[in-house]
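Notes follow once the structure below has been shown.
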Amino acid sequence: MSDALLEIDDLKVHFPIKSGLLFDRTVGHVYAVDGVSLKVRRGETYGLVGESGCGKTTLGRGLLRLVEPTSGTITFDGTDVRALQGEKMRLFRRRIQMVFQDPMSSLDPRQSVESLLVEGLKAHGLHKDKADVQRRLRSTLDSVGLPASALNNYPHEFSGGQRQRIGIARALVLGPELIVADEPVSALDVSIQAQVINLLGDLQDSLGLTYLVIAHDLAVVRHISDTIGVMYLGSLVEEADGDQLYERPLHPYTKALLSAVPIPDPQVEDRRERILLAGDLPSPAAPPSGCRFRTRCPWSQQRCAEERPELRVFDDTGQRVACHFAEEILRGELEMHDVRAELVRPDSDTAPAVGAELIQTRTDLPAP
Ligand SMILES: Nc1ncnc2c1ncn2[C@@H]1O[C@H](COP(=O)(O)OP(=O)(O)OP(=O)(O)O)[C@@H](O)[C@H]1O
């Protein structure tokens with residue numbers, strides 16, 4: 001039997017762009033998720049990172065079918081999720097729960113904690129036995145470190161960290177196996193972030209949970225992820241065991257993301273090369289041809305515009321990368337070039353990509 005609890009194969013979520021008086025004409029598509037394949041093993045934490053707008057949230061929503069995927073397969077515990085309907089779909093939804101970024105906007109301020117937690121139970125017909133409901137609510141609150149008295153309070157009466165505990169309790173009350181946590185700590189003070197991350201770790205140990213943690217910040221997923229996937233403009237560009245990704249990032253985009261994460265050792269920090277990545281992603285409605293990252297990549301070559309790189313296994317570490325030139329870049333055989341100079345060549349017949357002028361390759365920068 002596969003050790004994957006969740007397996008996604010070539011998943012695409014494309015949103016139509018409508019025009020016309022009645023918005024009845026499709027004039028294009030937003031390629032929010034454009035062919036992602038990944039596996040989340042039972043009991044592991046899979047961290048999915050990438051800039052805002054790269055499709056992370058859509059991927060999370062797509063696998064729960066909160067948005068309907070355009071194509072591809074989703075297999076959960078051996079079941080084809082896209083074929084589920086009616087009661088089977090309802091039962092599936094109990095097994096995967098989401099934790100959202102901003103607990104204040106995901107929790108209805110007019111509902112008490114009790115009513116927020118019971119809501120999920122009601123949706124699954126688990127609210128009829130009152131004594132059982134009370135037992136469930138109390139033990140769930142206890143597991144997230146909140147007292148039973150919190151049941152009578154309202155979201156605004158709690159701090160940000162406590163509200164996120166309520167958000168986690170809401171997901172847990174249904175006894176899920178997989179939790180999709182979308183930016184679970186990015187709305188919290190840094191001092192509180194560690195507490196919530198530790199809580200997620202403790203819950204994973206005690207309940208045997210599997211996590212898909214979505215974040216824009218590599219620093220957040222670093223300490224909790226067994227596997228990290230890096231997304232760029234709707235695609236997975238690199239995937240590796242947590243430590244491996246930090247020790248040997250292969251994809252230029254991962255290198256750029258890691259440049260923003262400080263290294264605690266000042267000697268390493270001083271010596272390391274930085275790739276500054278600034279500006280916006282190109283529009284997911286008009287992604288560049290070939291490699292999606294090529295318009296911001298200081299190593300891009302002609303082939304990158306012509307051929308979209310597959311996510312391929314790089315070596316026996318299992319690390320996967322979608323870059324034609326990962327080997328050459330690793331061996332230092334490719335010259336870096338200034339992306340701006342490349343894109344504004346007078347004979348260039350393509351417009352510069354949004355934000356492309358902002359990438360610079362620098363080695364002389366102070367630590368952030
Ligand atoms: N319902 C929708 N209709 C049309 N476009 C959408 C829809 N939902 C998301 N998008 C677009 O899809 C792209 C990916 O969005 P998504 O929210 O998945 O990215 P993200 O990486 O999670 O970013 P963020 O961290 O800001 O949420 C964006 O360009 C977004 O505008």
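We name chains A, B, ... following the order of the structure tokens; residues begin at 1 in each chain, and ligands are numbered from 1 as shown.
The contact shell of ligand 1, defined as all polymer residues within 7 Å when only C-alpha atoms and all ligand atoms are used, comprises Phe15, Pro16, Val30, Tyr31, Ala32, Gly50, Glu51, Ser52, Gly53, Cys54, Gly55, Lys56, Thr57, Thr58, Leu59, His216, Ser283 and Pro284 of chain A.
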As an MDAnalysis selection string, which residues of stretch 106-348 of chain A does DSSP assign to helix (DSSP H, G or I)? chainID A and resid 106 113:123 130:143 148:152 155:157 160:172 190:207 218:222 242:247 252:259 266:271 294:296 302:306 326:330 339:343
So that I can check the surroundings of stretch 69-77 of chain A, please list as a PDB file with C-alpha atoms, in the first residue's frame every protein, DNA and RNA residue that reaches within 12 Å of it, counting only C-alpha atoms and ignoring chain neighbours fewer than 4 positions away.
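Result saved to around.pdb:
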```pdb
ATOM      1  CA  MET A   1       0.000   0.000   0.000  1.00  0.00           C
ATOM      2  CA  SER A   2       1.188   3.509  -0.784  1.00  0.00           C
ATOM      3  CA  ASP A   3       2.343   5.532   2.212  1.00  0.00           C
ATOM      4  CA  ALA A   4       0.755   8.607   0.635  1.00  0.00           C
ATOM      5  CA  LEU A   5      -2.371   9.856   2.375  1.00  0.00           C
ATOM      6  CA  LEU A   6      -2.879  12.465  -0.318  1.00  0.00           C
ATOM      7  CA  GLU A   7      -1.682  12.254  -3.886  1.00  0.00           C
ATOM      8  CA  ILE A   8      -2.227  14.965  -6.463  1.00  0.00           C
ATOM      9  CA  ASP A   9      -1.441  14.303 -10.099  1.00  0.00           C
ATOM     10  CA  ASP A  10      -1.224  17.014 -12.774  1.00  0.00           C
ATOM     11  CA  LEU A  11      -3.849  19.124 -11.015  1.00  0.00           C
ATOM     12  CA  LYS A  12      -5.074  22.190 -12.871  1.00  0.00           C
ATOM     13  CA  VAL A  13      -7.412  24.903 -11.650  1.00  0.00           C
ATOM     14  CA  HIS A  14      -8.092  27.481 -14.353  1.00  0.00           C
ATOM     15  CA  PHE A  15     -10.531  30.338 -13.742  1.00  0.00           C
ATOM     16  CA  PRO A  16     -12.324  31.707 -16.821  1.00  0.00           C
ATOM     17  CA  HIS A  29      -8.158  32.026 -18.239  1.00  0.00           C
ATOM     18  CA  VAL A  30      -6.270  32.606 -15.017  1.00  0.00           C
ATOM     19  CA  TYR A  31      -3.954  29.598 -14.802  1.00  0.00           C
ATOM     20  CA  ALA A  32      -3.952  29.635 -10.981  1.00  0.00           C
ATOM     21  CA  VAL A  33      -2.800  26.000 -10.623  1.00  0.00           C
ATOM     22  CA  ASP A  34      -1.307  24.622 -13.777  1.00  0.00           C
ATOM     23  CA  GLY A  35      -0.213  21.014 -13.503  1.00  0.00           C
ATOM     24  CA  VAL A  36       0.882  20.257  -9.927  1.00  0.00           C
ATOM     25  CA  SER A  37       1.792  16.724  -8.825  1.00  0.00           C
ATOM     26  CA  LEU A  38       2.749  15.938  -5.253  1.00  0.00           C
ATOM     27  CA  LYS A  39       2.351  13.363  -2.479  1.00  0.00           C
ATOM     28  CA  VAL A  40       1.746  13.979   1.203  1.00  0.00           C
ATOM     29  CA  ARG A  41       2.723  10.960   3.282  1.00  0.00           C
ATOM     30  CA  ARG A  42       0.747   9.861   6.329  1.00  0.00           C
ATOM     31  CA  THR A  58      -6.236  27.665  -4.890  1.00  0.00           C
ATOM     32  CA  LEU A  59      -4.379  24.358  -4.701  1.00  0.00           C
ATOM     33  CA  GLY A  60      -5.551  23.852  -1.088  1.00  0.00           C
ATOM     34  CA  ARG A  61      -9.124  24.763  -1.984  1.00  0.00           C
ATOM     35  CA  GLY A  62      -9.007  22.656  -5.123  1.00  0.00           C
ATOM     36  CA  LEU A  63      -8.046  19.497  -3.293  1.00  0.00           C
ATOM     37  CA  LEU A  64     -11.025  19.946  -0.964  1.00  0.00           C
ATOM     38  CA  ARG A  65     -13.127  20.732  -4.025  1.00  0.00           C
ATOM     39  CA  VAL A  81     -11.769  12.525  -4.635  1.00  0.00           C
ATOM     40  CA  ARG A  82     -12.985  14.031  -7.892  1.00  0.00           C
ATOM     41  CA  ALA A  83     -15.444  11.172  -8.365  1.00  0.00           C
ATOM     42  CA  LEU A  84     -17.056  11.593  -4.918  1.00  0.00           C
ATOM     43  CA  MET A  89     -18.280  13.704  -0.434  1.00  0.00           C
ATOM     44  CA  PHE A  92     -14.597  12.943   2.841  1.00  0.00           C
ATOM     45  CA  ARG A  93     -14.900  16.589   3.924  1.00  0.00           C
ATOM     46  CA  ARG A  95     -11.466  13.820   7.012  1.00  0.00           C
ATOM     47  CA  ILE A  96      -9.788  16.966   5.703  1.00  0.00           C
ATOM     48  CA  GLU A 177      -6.770  13.056   9.370  1.00  0.00           C
ATOM     49  CA  LEU A 178      -5.364  15.842   7.176  1.00  0.00           C
ATOM     50  CA  THR A 210      -0.954  14.900   8.547  1.00  0.00           C
TER      51      THR A 210
END
```
Neighbouring residues of A:Ala194 were defined as those with any atom within 12 Å, considering only C-alpha atoms; residues of the same chain fewer than 4 positions away were excluded. Please report them as a PyMOL selection string. chain A and resi 161+184-186+188-190+198-201+219-221+223-224
Pull the closest atom pair for each residue of stretch 173-244 of chain A that gets at most 12 Å from stretch 131-139 of chain A, along with the distance in Å to one decimal, counting only C-alpha atoms, ordering rows by chain and then ascending residue number, as JSON lines.
```
{"residue": "A:Val173", "atom": "CA", "partner": "A:Arg136", "partner_atom": "CA", "distance": 6.8}
{"residue": "A:Leu174", "atom": "CA", "partner": "A:Arg136", "partner_atom": "CA", "distance": 9.0}
{"residue": "A:Gly175", "atom": "CA", "partner": "A:Arg136", "partner_atom": "CA", "distance": 9.7}
```
Requested write-out: C-alpha atoms of the selected residues, as a tab-separated table (two decimals), in the first residue's frame:
```tsv
chain	number	residue	atom	x	y	z
A	173	VAL	CA	-13.60	18.87	16.44
A	174	LEU	CA	-14.52	16.67	13.48
A	175	GLY	CA	-11.56	14.37	14.02
```
Exercise: A:Gly167 partners within 10 Å, only C-alpha atoms, chain neighbours under 3 positions left out, as a tab-separated table (two decimals) with N, CA and C atoms, in the first residue's frame:
```
chain	number	residue	atom	x	y	z
A	98	MET	N	-9.68	22.61	7.11
A	98	MET	CA	-8.78	23.74	6.84
A	98	MET	C	-8.65	24.63	8.06
A	99	VAL	N	-7.44	25.18	8.23
A	99	VAL	CA	-7.22	26.25	9.21
A	99	VAL	C	-6.81	27.46	8.38
A	100	PHE	N	-7.44	28.60	8.66
A	100	PHE	CA	-7.22	29.77	7.81
A	100	PHE	C	-6.25	30.75	8.45
A	101	GLN	N	-5.82	31.70	7.59
A	101	GLN	CA	-4.81	32.67	8.01
A	101	GLN	C	-5.31	33.60	9.11
A	102	ASP	N	-6.44	34.23	8.85
A	102	ASP	CA	-6.86	35.29	9.74
A	102	ASP	C	-8.07	34.84	10.53
A	103	PRO	N	-7.84	34.42	11.79
A	103	PRO	CA	-8.96	33.86	12.55
A	103	PRO	C	-10.09	34.87	12.73
A	104	MET	N	-9.75	36.17	12.73
A	104	MET	CA	-10.80	37.17	12.96
A	104	MET	C	-11.79	37.18	11.81
A	106	SER	N	-12.20	34.60	9.67
A	106	SER	CA	-12.80	33.29	9.38
A	106	SER	C	-13.77	32.85	10.48
A	107	LEU	N	-13.79	33.57	11.61
A	107	LEU	CA	-14.73	33.22	12.68
A	107	LEU	C	-15.83	34.28	12.74
A	113	VAL	N	-18.00	30.67	20.96
A	113	VAL	CA	-17.09	29.57	20.62
A	113	VAL	C	-17.87	28.26	20.53
A	116	LEU	N	-19.66	28.15	17.31
A	116	LEU	CA	-18.72	27.98	16.18
A	116	LEU	C	-18.28	26.52	16.05
A	117	LEU	N	-18.05	25.88	17.20
A	117	LEU	CA	-17.57	24.50	17.15
A	117	LEU	C	-18.71	23.54	16.80
A	144	VAL	N	-6.22	22.23	22.50
A	144	VAL	CA	-5.58	23.43	21.95
A	144	VAL	C	-5.19	24.43	23.05
A	155	PRO	N	-15.40	35.60	19.70
A	155	PRO	CA	-14.04	35.75	19.16
A	155	PRO	C	-13.33	37.04	19.58
A	161	GLY	N	-3.57	35.04	19.10
A	161	GLY	CA	-3.09	33.67	19.24
A	161	GLY	C	-4.19	32.74	19.73
A	162	GLN	N	-5.00	33.25	20.67
A	162	GLN	CA	-6.12	32.42	21.19
A	162	GLN	C	-7.16	32.19	20.11
A	163	ARG	N	-7.38	33.23	19.29
A	163	ARG	CA	-8.36	33.06	18.21
A	163	ARG	C	-7.89	31.99	17.23
A	164	GLN	N	-6.57	31.96	16.99
A	164	GLN	CA	-6.10	30.92	16.07
A	164	GLN	C	-6.27	29.55	16.72
A	170	ARG	N	-11.74	24.33	15.83
A	170	ARG	CA	-12.85	24.16	14.90
A	170	ARG	C	-12.54	23.09	13.85
A	171	ALA	N	-11.28	23.08	13.43
A	171	ALA	CA	-10.88	22.04	12.46
A	171	ALA	C	-10.82	20.67	13.13
A	172	LEU	N	-10.35	20.66	14.38
A	172	LEU	CA	-10.11	19.38	15.06
A	172	LEU	C	-11.36	18.67	15.52
A	184	PRO	N	-1.11	29.70	8.55
A	184	PRO	CA	-1.72	29.64	9.89
A	184	PRO	C	-1.15	30.63	10.89
```
Within 12 Å of A:Phe314 using only C-alpha atoms, minus same-chain residues under 3 positions, as a PyMOL selection string: chain A and resi 238-240+248-251+310-311+317-327+330
Select, from A:Arg312, A:Arg25, A:Arg294, A:Arg303, the residue with the minimum atom-to-atom distance to A:Leu236, counting only C-alpha atoms.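 Of A:Arg312, A:Arg25, A:Arg294, A:Arg303, the one nearest A:Leu236 is A:Arg312, counting only C-alpha atoms.
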